[in-house]
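*Asks:* One file is attached below, work_23.cif, containing mmCIF, C-alpha atoms.
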```
data_structure
loop_
_atom_site.label_atom_id
_atom_site.label_comp_id
_atom_site.auth_asym_id
_atom_site.auth_seq_id
_atom_site.Cartn_x
_atom_site.Cartn_y
_atom_site.Cartn_z
CA MET A 1497 17.15 15.66 -26.11
CA SER A 1498 16.25 13.68 -23.00
CA GLN A 1499 12.94 11.90 -22.92
CA THR A 1500 10.27 12.47 -20.31
CA PRO A 1501 8.94 9.41 -18.40
CA ALA A 1502 5.84 9.50 -20.61
CA GLN A 1503 7.97 9.40 -23.77
CA ARG A 1504 10.39 6.64 -22.73
CA PRO A 1505 9.57 3.03 -23.63
CA ALA A 1506 8.04 1.22 -20.67
CA LEU A 1507 10.57 -0.60 -18.52
CA PHE A 1508 8.01 -2.73 -16.69
CA ASP A 1509 4.88 -4.63 -17.68
CA ARG A 1510 2.32 -3.43 -15.13
CA PRO A 1511 -0.25 -6.16 -15.95
CA ALA A 1512 2.50 -8.75 -15.43
CA ILE A 1513 3.37 -7.22 -12.05
CA ALA A 1514 -0.30 -7.47 -11.07
CA ARG A 1515 -0.47 -11.11 -12.22
CA ASN A 1516 2.70 -11.98 -10.33
CA ARG A 1517 1.34 -10.47 -7.15
CA ALA A 1518 -2.06 -12.12 -7.54
CA ARG A 1519 -0.37 -15.50 -8.00
CA ALA A 1520 1.88 -14.87 -5.00
CA ALA A 1521 -1.09 -13.87 -2.83
CA ARG A 1522 -2.41 -17.43 -2.96
CA ALA A 1523 0.55 -18.64 -0.88
CA PRO A 1524 2.72 -15.60 -0.20
CA ALA A 1525 6.26 -15.57 1.14
CA LEU A 1526 6.31 -12.18 2.82
CA PHE A 1527 9.20 -12.61 5.26
CA LEU A 1528 11.10 -9.75 3.66
CA GLN A 1529 8.06 -7.46 3.65
CA GLU A 1530 7.50 -8.34 7.31
CA ALA A 1531 11.14 -7.65 8.23
CA VAL A 1532 11.05 -4.29 6.46
CA ALA A 1533 7.76 -3.39 8.14
CA ASP A 1534 9.34 -4.18 11.53
CA ASP A 1535 12.26 -1.89 10.69
CA ILE A 1536 9.96 0.93 9.59
CA GLU A 1537 7.96 0.68 12.81
CA ASP A 1538 11.21 0.85 14.80
CA ARG A 1539 12.26 3.97 12.90
CA ILE A 1540 8.90 5.62 13.55
CA ALA A 1541 9.18 4.84 17.27
CA GLU A 1542 12.62 6.49 17.39
CA VAL A 1543 11.22 9.77 16.02
CA ASN A 1544 9.49 10.36 19.38
CA ARG A 1545 6.38 12.03 18.02
CA SER A 1546 2.86 10.96 17.20
CA PHE A 1547 1.61 10.64 13.65
CA THR A 1548 -2.14 10.95 13.23
CA ASP A 1549 -2.66 10.94 9.46
CA VAL A 1550 -0.67 8.11 7.94
CA ALA A 1551 -0.68 6.80 4.37
CA VAL A 1552 0.97 3.53 3.31
CA VAL A 1553 1.74 2.72 -0.32
CA THR A 1554 2.00 -1.07 -0.60
CA PRO A 1555 1.03 -4.04 -2.77
CA TRP A 1556 0.29 -6.01 0.42
CA PRO A 1557 -2.48 -4.11 2.24
CA ASP A 1558 -3.34 -6.90 4.69
CA LEU A 1559 0.18 -6.85 6.09
CA TRP A 1560 -0.06 -3.15 6.97
CA ALA A 1561 -3.71 -3.09 8.00
CA GLY A 1562 -2.83 -5.13 11.08
CA ARG A 1563 0.12 -2.94 11.98
CA LEU A 1564 -1.31 0.54 11.36
CA PRO A 1565 -5.09 0.05 11.50
CA GLN A 1566 -5.80 3.79 11.30
CA ALA A 1567 -3.63 4.33 8.24
CA ARG A 1568 -4.90 4.93 4.75
CA ILE A 1569 -3.56 2.12 2.59
CA LEU A 1570 -3.27 2.47 -1.17
CA PRO A 1571 -1.67 0.52 -4.04
CA ASP A 1572 1.58 1.51 -5.76
CA THR A 1573 -0.03 2.73 -8.97
CA GLU A 1574 1.95 5.13 -11.14
CA THR A 1575 -0.36 7.96 -10.05
CA LEU A 1576 -0.78 7.66 -6.30
CA ASP A 1577 -4.17 8.43 -4.78
CA LEU A 1578 -2.75 11.00 -2.35
CA ALA A 1579 -4.18 14.45 -1.65
CA PRO A 1580 -1.71 17.33 -1.26
CA GLY A 1581 -0.87 18.15 2.36
CA ALA A 1582 -3.15 15.46 3.75
CA HIS A 1583 -0.66 13.42 5.80
CA ASP A 1584 2.01 13.80 8.43
CA LEU A 1585 3.58 10.42 7.55
CA VAL A 1586 3.77 8.66 4.18
CA ILE A 1587 5.31 5.18 3.90
CA HIS A 1588 6.23 3.71 0.51
CA ALA A 1589 6.72 0.07 1.47
CA LEU A 1590 9.16 -2.03 -0.57
CA SER A 1591 7.71 -1.51 -4.03
CA LEU A 1592 9.52 1.57 -5.33
CA HIS A 1593 11.91 -0.66 -7.33
CA TRP A 1594 8.92 -1.53 -9.57
CA ALA A 1595 8.09 2.12 -10.28
CA GLU A 1596 8.46 3.31 -13.85
CA ASP A 1597 9.24 6.79 -12.48
CA PRO A 1598 10.65 6.49 -8.94
CA ILE A 1599 11.39 10.20 -8.59
CA GLY A 1600 7.79 10.88 -9.61
CA GLN A 1601 6.60 8.54 -6.85
CA LEU A 1602 8.74 10.36 -4.28
CA ILE A 1603 7.50 13.74 -5.45
CA GLN A 1604 3.90 12.57 -5.09
CA CYS A 1605 4.64 11.35 -1.55
CA ALA A 1606 6.39 14.62 -0.69
CA ARG A 1607 3.43 16.70 -1.93
CA ALA A 1608 1.08 14.66 0.25
CA LEU A 1609 2.97 15.74 3.38
CA ARG A 1610 2.17 18.62 5.66
CA PRO A 1611 5.08 20.85 6.72
CA ASP A 1612 7.48 18.82 8.89
CA GLY A 1613 5.80 15.58 7.78
CA LEU A 1614 7.91 12.46 7.36
CA MET A 1615 8.33 10.20 4.35
CA ILE A 1616 9.88 6.73 4.58
CA ALA A 1617 10.41 4.78 1.35
CA THR A 1618 12.00 1.35 0.99
CA LEU A 1619 13.13 -0.53 -2.09
CA LEU A 1620 15.49 -3.30 -3.13
CA GLY A 1621 19.06 -2.12 -3.71
CA GLY A 1622 21.89 -3.09 -6.01
CA GLU A 1623 23.35 -5.83 -3.80
CA THR A 1624 20.11 -7.81 -3.96
CA LEU A 1625 20.76 -11.31 -5.33
CA SER A 1626 23.79 -10.09 -7.27
CA GLY A 1627 25.15 -13.64 -7.44
CA LEU A 1628 21.94 -15.06 -8.86
CA ARG A 1629 21.75 -12.28 -11.43
CA SER A 1630 25.31 -13.01 -12.55
CA ALA A 1631 24.61 -16.75 -12.74
CA LEU A 1632 21.48 -16.25 -14.86
CA THR A 1633 23.35 -13.91 -17.21
CA ALA A 1634 26.26 -16.32 -17.65
CA ALA A 1635 23.97 -19.34 -18.12
CA GLU A 1636 21.72 -17.71 -20.69
CA THR A 1637 24.65 -16.33 -22.66
CA ALA A 1638 26.44 -19.68 -22.72
CA ILE A 1639 23.42 -21.77 -23.70
CA THR A 1640 21.39 -19.51 -25.99
CA GLY A 1641 24.11 -17.18 -27.24
CA GLY A 1642 22.00 -14.18 -26.27
CA LEU A 1643 20.64 -12.29 -23.31
CA SER A 1644 17.05 -11.29 -22.59
CA PRO A 1645 15.84 -8.60 -20.15
CA ARG A 1646 15.46 -10.50 -16.93
CA ILE A 1647 16.58 -8.37 -14.01
CA ALA A 1648 15.18 -4.94 -13.14
CA PRO A 1649 17.83 -2.25 -12.65
CA MET A 1650 18.48 -1.53 -8.98
CA GLY A 1651 19.90 1.71 -7.63
CA GLU A 1652 22.85 2.37 -5.36
CA ILE A 1653 22.48 4.20 -2.06
CA ARG A 1654 24.26 7.41 -3.09
CA ASP A 1655 22.21 7.72 -6.27
CA LEU A 1656 18.92 7.00 -4.54
CA GLY A 1657 19.67 9.43 -1.73
CA ALA A 1658 19.95 12.24 -4.26
CA LEU A 1659 16.35 11.58 -5.31
CA LEU A 1660 15.13 12.83 -1.94
CA GLN A 1661 16.51 16.29 -2.57
CA ARG A 1662 15.12 16.28 -6.10
CA ALA A 1663 11.73 15.53 -4.54
CA GLY A 1664 12.07 18.65 -2.39
CA LEU A 1665 12.51 16.87 0.93
CA ALA A 1666 14.67 18.21 3.74
CA LEU A 1667 17.10 16.38 6.02
CA PRO A 1668 17.47 13.49 3.53
CA VAL A 1669 18.97 10.20 4.69
CA ALA A 1670 19.58 6.98 2.71
CA ASP A 1671 20.88 3.78 4.26
CA GLY A 1672 21.04 0.12 3.32
CA THR A 1673 20.25 -2.99 5.34
CA PRO A 1674 21.33 -6.47 4.21
CA TYR A 1675 19.04 -9.42 4.87
CA ASP A 1676 20.92 -12.72 4.61
CA VAL A 1677 18.86 -15.88 4.18
CA SER A 1678 19.52 -19.42 2.98
CA TYR A 1679 17.75 -22.02 0.88
CA GLU A 1680 18.00 -25.75 0.33
CA THR A 1681 18.81 -25.21 -3.36
CA PRO A 1682 18.87 -22.33 -5.87
CA PHE A 1683 15.54 -23.61 -7.20
CA HIS A 1684 13.97 -23.06 -3.76
CA LEU A 1685 15.21 -19.45 -3.94
CA MET A 1686 13.66 -19.00 -7.40
CA ARG A 1687 10.35 -20.40 -6.17
CA ASP A 1688 10.43 -18.03 -3.21
CA LEU A 1689 10.90 -15.06 -5.54
CA ARG A 1690 7.67 -16.02 -7.31
CA ALA A 1691 5.93 -16.36 -3.93
CA MET A 1692 7.15 -12.86 -3.05
CA GLY A 1693 5.62 -11.41 -6.22
CA GLU A 1694 9.11 -10.46 -7.41
CA ALA A 1695 9.25 -12.58 -10.58
CA ASN A 1696 10.39 -11.09 -13.88
CA ALA A 1697 8.00 -8.39 -15.13
CA MET A 1698 10.32 -6.55 -17.49
CA ALA A 1699 8.51 -5.20 -20.52
CA GLY A 1700 11.15 -6.62 -22.87
CA ARG A 1701 11.34 -10.06 -21.28
CA LEU A 1702 10.97 -13.29 -23.24
CA ARG A 1703 7.29 -14.18 -23.55
CA ARG A 1704 7.98 -17.90 -23.32
CA PRO A 1705 9.24 -20.00 -20.40
CA THR A 1706 12.97 -19.93 -19.78
CA ARG A 1707 14.67 -23.05 -21.08
CA ARG A 1708 15.26 -25.68 -18.42
CA ALA A 1709 18.89 -25.93 -19.47
CA VAL A 1710 19.39 -22.24 -18.68
CA LEU A 1711 17.86 -22.59 -15.22
CA ALA A 1712 19.86 -25.74 -14.50
CA GLU A 1713 23.13 -24.10 -15.52
CA ALA A 1714 22.32 -20.96 -13.53
CA ALA A 1715 21.57 -23.10 -10.47
CA ARG A 1716 24.86 -24.95 -10.90
CA LEU A 1717 26.88 -21.74 -11.23
CA TYR A 1718 25.14 -20.14 -8.28
CA ALA A 1719 25.65 -23.17 -6.05
CA GLU A 1720 29.36 -23.23 -6.92
CA THR A 1721 29.95 -19.85 -5.29
CA HIS A 1722 27.15 -19.53 -2.73
CA THR A 1723 26.93 -22.90 -0.97
CA ARG A 1724 27.48 -22.61 2.77
CA PRO A 1725 29.35 -25.17 4.91
CA ASP A 1726 26.00 -26.66 5.96
CA GLY A 1727 25.09 -27.36 2.31
CA ARG A 1728 22.47 -24.64 1.95
CA VAL A 1729 22.85 -21.79 -0.54
CA ALA A 1730 23.15 -18.24 0.72
CA ALA A 1731 21.18 -15.30 -0.66
CA ARG A 1732 21.29 -11.60 0.20
CA PHE A 1733 18.58 -9.00 -0.19
CA GLU A 1734 19.61 -5.38 0.24
CA VAL A 1735 16.87 -3.00 1.33
CA ILE A 1736 17.52 0.71 0.93
CA THR A 1737 15.55 3.04 3.17
CA LEU A 1738 15.03 6.65 2.16
CA THR A 1739 13.80 9.16 4.73
CA GLY A 1740 13.08 12.84 4.32
CA TRP A 1741 10.96 15.58 5.84
CA ALA A 1742 8.66 18.11 4.27
CA PRO A 1743 10.40 21.49 4.73
CA ALA A 1744 9.34 23.55 7.75
CA ALA A 1745 10.66 26.70 9.41
CA SER A 1746 11.24 24.83 12.69
CA GLN A 1747 13.79 22.44 11.16
CA PRO A 1748 17.57 22.93 11.55
CA GLN A 1749 18.88 25.04 8.68
CA PRO A 1750 22.37 24.82 7.15
CA LYS A 1751 24.54 27.85 7.72
CA ARG A 1752 24.98 30.30 4.88
CA ARG A 1753 28.03 29.46 2.80
CA GLY A 1754 31.02 31.54 3.89
CA SER A 1755 29.59 32.28 7.33
CA ALA A 1756 32.01 30.02 9.24
CA THR A 1757 34.12 31.84 11.85
CA HIS A 1758 36.96 29.29 11.83
CA SER A 1759 38.71 27.82 8.81
CA LEU A 1760 39.09 24.09 8.14
CA GLU A 1761 42.87 24.55 8.33
CA GLU A 1762 42.58 25.94 11.88
CA ALA A 1763 40.33 23.07 12.95
CA LEU A 1764 42.75 20.45 11.59
CA LYS A 1765 45.72 22.14 13.23
CA ARG A 1766 43.89 22.22 16.58
CA ALA A 1767 43.05 18.51 16.25
CA ARG A 1768 46.71 17.65 15.50
CA ASP A 1769 47.92 19.69 18.46
CA GLU A 1770 45.45 17.99 20.82
CA SER A 1771 46.44 14.53 19.64
CA ALA A 1772 50.12 15.35 20.17
CA ASP A 1773 49.56 16.32 23.84
#
```
Would you write the structure of this file as structure tokens?

*Replies:*
Amino acid sequence: MSQTPAQRPALFDRPAIARNRARAARAPALFLQEAVADDIEDRIAEVNRSFTDVAVVTPWPDLWAGRLPQARILPDTETLDLAPGAHDLVIHALSLHWAEDPIGQLIQCARALRPDGLMIATLLGGETLSGLRSALTAAETAITGGLSPRIAPMGEIRDLGALLQRAGLALPVADGTPYDVSYETPFHLMRDLRAMGEANAMAGRLRRPTRRAVLAEAARLYAETHTRPDGRVAARFEVITLTGWAPAASQPQPKRRGSATHSLEEALKRARDESAD
């Protein structure tokens, strides 16, 4: 039998996530959060409609308070403080990858929407720091002979896009955006991850500091394959954006299956004939 989210062992340590964010807030590195916020604002502008009741789910309220001063801003707790049908736009801003139950988060956002309301959710995708993850795995295995939970699982676009339909949203779209940055050394990248509040908060992680030898070997392996011609090391963050609309009668509806008046074979034949002319 499959386990419900409440029955499964916890994947993340929520108090550790809170501590990581509190530590990062003292001197935050929020360039990625800022870039994603810029992208979300651009997407909203392209919709060509006004949103009057906006909610933003984010661990960085100050960042969004300056951008959407009229919005209701709330933390990414497992149970979101959202009233059903209260909003015409809900933004889940780059924290869904820390959710114990991401589909539950999307369902809560969807229920908070009025008919034809928009949800935009962003999270880190599977291409994020794939080289660093591989280097840490290889280094820890070689030096300690074992492997500890260190990297949170990250979804792929096609899998994450399916969550929108499971949440009951219409017109679902999922797309990925790569953000390529560089650092002086792999250690500067690791320090930046702590300043972003993205340090390891896996529930099964080691509860003691990682051995220096493991970090040094991981840095060496990473630099071997990711050093640019200018001597800096490259790093990629992939941000997946999920958008969907609360169902409404005014939205375009798919045609009933079997209602097509022309077959696919006829369409392909017509296309071949036109290309031959």

*Asks:* The residues within 10 Å of (3.6, 13.4, 2.6), using all atoms listed in the file and the coordinates of the file, should be reported as a PyMOL selection string; which are they?

*Replies:* chain A and resi 1549-1551+1578-1587+1602-1616+1665+1740-1742

*Asks:* Quick one: of A:Leu1590, A:Ala1695, A:Ala1518, A:Ile1540, who's nearest to Leu1564 of chain A, counting only C-alpha atoms?

*Replies:*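 Under the stated criterion, the closest residue is A:Ile1540.
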
*Asks:* Which value, in Å to one decimal, gives the distance between atom CA of Arg1687 of chain A and atom CA of Asp1572 of chain A?

*Replies:*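 Result for atom CA of Arg1687 of chain A versus atom CA of Asp1572 of chain A: 23.6 Å, one decimal.
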
*Asks:* Give as a ChimeraX atom specification the residues that the PyMOL selection byres ((chain A and resi 1721) around 12) matches when applied to the coordinates above.

*Replies:* /A:1626-1628,1630-1631,1682,1714-1720,1722-1725,1727-1731

*Asks:* Kindly indicate which residue among A:Ala1561, A:Leu1667, A:Val1735, A:Ala1699 lies nearest to Val1532 of chain A, using only C-alpha atoms for the distances.

*Replies:*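 Checking each of A:Ala1561, A:Leu1667, A:Val1735, A:Ala1699 against Val1532 of chain A, counting only C-alpha atoms, the winner is A:Val1735.
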